[in-house]
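Visitor: For reference, the structure I am asking about is given below.
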Amino acid sequence: MNMDLSKRLCAVADLTAGGKKSTTVCVADIGTDHGYIPINLIKEKGFGHAIAMDVNRGPLERARHHIALEGLEEYIETRLSDGLRELARDEVQCVIIAGMGGALCTKILEEGKEVVEGLQYFVLQPQSEIWKVRNYLQENGYCIVEEDIVLEDGKYYPMMRVEKGVESPYSETELRYGRVLLKKRHPVLKNYLEFVAKEKERILKSLKASPTQRAKRRALEVERELETAKEGLSCYVEK
């Protein structure tokens with residue numbers, strides 16, 4: 001099967017592997033859909049075993065089909081599961097939760113706390129509310145050790161690798177845009193910050209033209225969001 005991963009899924013797989021062969025690591029991909037990430041991790045990244053999990057039977061059947069086409073049934077198990085419910089503690093060393101909203105990501109982590117506590121690390125790629133995800137991780141004793149962000153088909157996709165640990169409190173800018181990404185001066189993050197700043201300026205101009213109290217309140221919120229984006233962009237200014 002000619003399986004070309006999207007840029008987003010490639011980045012998730014790379015972040016999961018961390019640039020090294022992981023023959024002793026068993027990984028569970030939550031919401032696996034087509035099963036592409038587990039297949040890539042086994043074939044290209046040297047992982048020893050994977051569990052492709054989904055809450056719906058349709059995607060799981062697609063995953064089974066693709067796994068069979070690659071001849072990887074011995075290495076990748078499929079399992080019907082709502083979040084982490086069908087995983088036992090210490091059964092896997094890594095969990096991937098990609099392509100879901102931020103609220104669902106944190107719900108899965110919270111409901112599967114016993115499993116999460118036994119992991120070496122996990123990889124998250126929230127589609128929304130990423131600042132809430134970062135805040136949840138910090139409040140629950142987890143440390144973001146690596147981050148990446150890709151632009152694909154006009155959309156920006158941030159993602160992170162997480163381990164147990166304690167970090168100093170995040171600023172609002174770090175919560176929204178990622179401490180690691182800002183420290184690295186990630187070029188794609190800069191493009192995203194420029195996009196956000198331009199969009200907030202456009203919205204602010206429209207709100208200031210409205211006389212309603214609701215528009216005035218919203219304008220104050222947007223001004224704060226604009227300042228946060230500008231603060232992020234200031235990291236890219238040569239000192």
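Chain labels follow the order of the structure tokens: the first chain is A, the next B, and so on; residue numbering restarts at 1 in every chain, and ligands are counted from 1 in their shown order.
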Hey, what's within 8 Å of Ala28 (chain A) if we count only C-alpha atoms and toss same-chain stuff fewer than 5 positions away? As a ChimeraX atom specification, please?
Guide: /A:38,50-53,92,94-96
Visitor: Where in region 6-205 of chain A does DSSP assign strand (DSSP E), given as number ranges by chain?
Guide: A: 26-30, 49-54, 76-80, 94-100, 121-126, 142-152, 155-164
Visitor: For the residues selected in the previous step, produce a file with C-alpha atoms as a compact mmCIF listing (two decimals), in the first residue's frame.
Guide:
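Below is the file again_28.txt, written as the result:
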```txt
# COMPACT_ATOMS: atom_id res chain seq x y z
CA CYS A 26 4.45 -0.08 22.87
CA VAL A 27 2.26 2.85 21.82
CA ALA A 28 -1.53 3.27 21.78
CA ASP A 29 -3.06 5.59 19.19
CA ILE A 30 -6.39 6.89 20.51
CA HIS A 49 4.22 -2.95 19.03
CA ALA A 50 1.19 -0.67 18.76
CA ILE A 51 -2.49 -0.67 19.64
CA ALA A 52 -4.80 1.20 17.26
CA MET A 53 -7.89 2.29 19.21
CA ASP A 54 -11.12 4.00 18.24
CA ILE A 76 -0.49 -3.75 15.54
CA GLU A 77 -3.56 -4.75 17.54
CA THR A 78 -6.90 -3.00 16.98
CA ARG A 79 -9.18 -2.35 19.91
CA LEU A 80 -12.63 -0.76 20.25
CA CYS A 94 3.16 5.94 25.21
CA VAL A 95 -0.27 7.22 24.20
CA ILE A 96 -1.09 9.45 21.21
CA ILE A 97 -4.20 11.65 21.21
CA ALA A 98 -4.27 13.56 17.92
CA GLY A 99 -6.91 15.32 15.86
CA MET A 100 -9.40 15.95 18.68
CA TYR A 121 5.31 9.96 27.92
CA PHE A 122 2.37 10.91 25.72
CA VAL A 123 1.83 12.99 22.59
CA LEU A 124 -1.06 15.43 22.12
CA GLN A 125 -2.20 17.28 19.02
CA PRO A 126 -5.31 19.23 20.05
CA TYR A 142 3.03 17.18 33.67
CA CYS A 143 5.81 18.88 31.74
CA ILE A 144 5.85 19.69 28.02
CA VAL A 145 9.31 18.54 26.90
CA GLU A 146 8.99 19.11 23.14
CA GLU A 147 6.65 20.91 20.77
CA ASP A 148 6.15 21.26 17.05
CA ILE A 149 3.77 23.12 14.76
CA VAL A 150 3.01 22.57 11.08
CA LEU A 151 1.01 24.43 8.46
CA GLU A 152 -1.09 22.22 6.20
CA LYS A 155 -4.43 25.40 8.96
CA TYR A 156 -1.91 25.46 11.81
CA TYR A 157 -1.44 22.33 13.90
CA PRO A 158 0.53 22.60 17.18
CA MET A 159 1.49 19.42 19.04
CA MET A 160 3.47 18.42 22.13
CA ARG A 161 5.30 15.56 23.84
CA VAL A 162 4.58 15.36 27.55
CA GLU A 163 6.22 13.69 30.55
CA LYS A 164 5.72 13.79 34.30
```
Visitor: So which one's closest to Ile130 (chain A), A:Tyr192, A:Tyr177, A:Tyr236, A:Tyr170? Using only C-alpha atoms, please.
Guide: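 Smallest separation from Ile130 (chain A) among the options: A:Tyr177.
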Visitor: Compare A:Tyr36, A:Tyr136, A:Tyr75, A:Phe47 by their minimum atom-to-atom distance to Asp4 (chain A), counting only C-alpha atoms, and give me the closest one.
Guide: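 Among the listed residues, the smallest separation from Asp4 (chain A) belongs to A:Tyr36.
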Visitor: At a cut-off of 8 Å, using only C-alpha atoms, what residues contact region 200-202 of chain A? Leave out same-chain residues fewer than 6 positions from it and give the result as a list in words.
Guide: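 With the cut-off at 8 Å, the set is Val222, Glu223, Glu225 and Leu226 of chain A.
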Visitor: Output C-alpha atoms for every residue in that selection, as a compact mmCIF listing (two decimals), in the first residue's frame.
Guide:
```txt
# COMPACT_ATOMS: atom_id res chain seq x y z
CA VAL A 222 -9.55 41.17 21.56
CA GLU A 223 -7.09 43.89 22.58
CA GLU A 225 -5.48 38.70 22.69
CA LEU A 226 -3.69 41.03 20.26
```
Visitor: Find the residues around Leu104 (chain A) up to 10 Å (only C-alpha atoms counted), leave out those fewer than 5 positions away in its own chain, and share them as a ChimeraX atom specification.
Guide: /A:83,97,109-110,126-128,133
Visitor: Please produce a file of the residues just selected, as a PDB file, in the first residue's frame, where the atoms kept are N, CA and C atoms.
Guide:
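Done, and the output landed in again15.pdb:
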```pdb
ATOM      1  N   GLY A  83     -11.849   6.353  24.508  1.00  0.00           N
ATOM      2  CA  GLY A  83     -10.678   6.919  25.169  1.00  0.00           C
ATOM      3  C   GLY A  83      -9.711   5.834  25.595  1.00  0.00           C
ATOM      4  N   ILE A  97      -2.841  11.116  21.371  1.00  0.00           N
ATOM      5  CA  ILE A  97      -4.199  11.645  21.212  1.00  0.00           C
ATOM      6  C   ILE A  97      -4.098  12.806  20.224  1.00  0.00           C
ATOM      7  N   LEU A 109      -7.672  12.276  29.125  1.00  0.00           N
ATOM      8  CA  LEU A 109      -6.588  12.181  30.108  1.00  0.00           C
ATOM      9  C   LEU A 109      -7.133  12.067  31.525  1.00  0.00           C
ATOM     10  N   GLU A 110      -8.141  12.852  31.828  1.00  0.00           N
ATOM     11  CA  GLU A 110      -8.712  12.865  33.178  1.00  0.00           C
ATOM     12  C   GLU A 110      -9.403  11.531  33.485  1.00  0.00           C
ATOM     13  N   PRO A 126      -3.939  18.717  19.937  1.00  0.00           N
ATOM     14  CA  PRO A 126      -5.306  19.233  20.048  1.00  0.00           C
ATOM     15  C   PRO A 126      -5.656  20.118  18.854  1.00  0.00           C
ATOM     16  N   GLN A 127      -6.908  20.023  18.418  1.00  0.00           N
ATOM     17  CA  GLN A 127      -7.361  20.839  17.285  1.00  0.00           C
ATOM     18  C   GLN A 127      -7.903  22.197  17.735  1.00  0.00           C
ATOM     19  N   SER A 128      -8.099  22.371  19.034  1.00  0.00           N
ATOM     20  CA  SER A 128      -8.680  23.619  19.548  1.00  0.00           C
ATOM     21  C   SER A 128      -8.311  23.782  21.013  1.00  0.00           C
ATOM     22  N   VAL A 133      -5.434  22.966  27.327  1.00  0.00           N
ATOM     23  CA  VAL A 133      -4.694  21.709  27.446  1.00  0.00           C
ATOM     24  C   VAL A 133      -3.391  21.945  28.203  1.00  0.00           C
TER      25      VAL A 133
END
```
Visitor: Run DSSP on the backbone and give me the residues of region 14-217 of chain A it puts in alpha helix (DSSP H), as a PyMOL selection string.
Guide: chain A and resi 14-17+36-43+57-69+102-111+113-117+130-139+172-177+179-184+187-208+213-217
Visitor: Excluding Leu233 (chain A) and its own-chain neighbours fewer than 5 positions away, which residues fall within 8 Å of it when counting only C-alpha atoms? Please give them as a short mmCIF file (atom, residue, chain, number, x, y, z; two decimals) with N, CA, C and O atoms, in the first residue's frame.
Guide:
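Just written: selection_11.cif:
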```
data_model
loop_
_atom_site.label_atom_id
_atom_site.label_comp_id
_atom_site.auth_asym_id
_atom_site.auth_seq_id
_atom_site.Cartn_x
_atom_site.Cartn_y
_atom_site.Cartn_z
N LYS A 190 6.00 31.69 14.15
CA LYS A 190 6.06 33.12 13.80
C LYS A 190 5.00 33.47 12.76
O LYS A 190 4.29 34.48 12.89
N LEU A 193 1.67 33.52 14.52
CA LEU A 193 1.50 34.72 15.34
C LEU A 193 1.20 35.94 14.48
O LEU A 193 0.36 36.78 14.85
N GLU A 194 1.86 36.05 13.35
CA GLU A 194 1.59 37.17 12.43
C GLU A 194 0.16 37.09 11.89
O GLU A 194 -0.53 38.11 11.78
#
```
Visitor: How many Å separate CA of Leu84 (chain A) from CA of Asn40 (chain A)?
Guide: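 Between CA of Leu84 (chain A) and CA of Asn40 (chain A) the gap works out to 21.2 Å.
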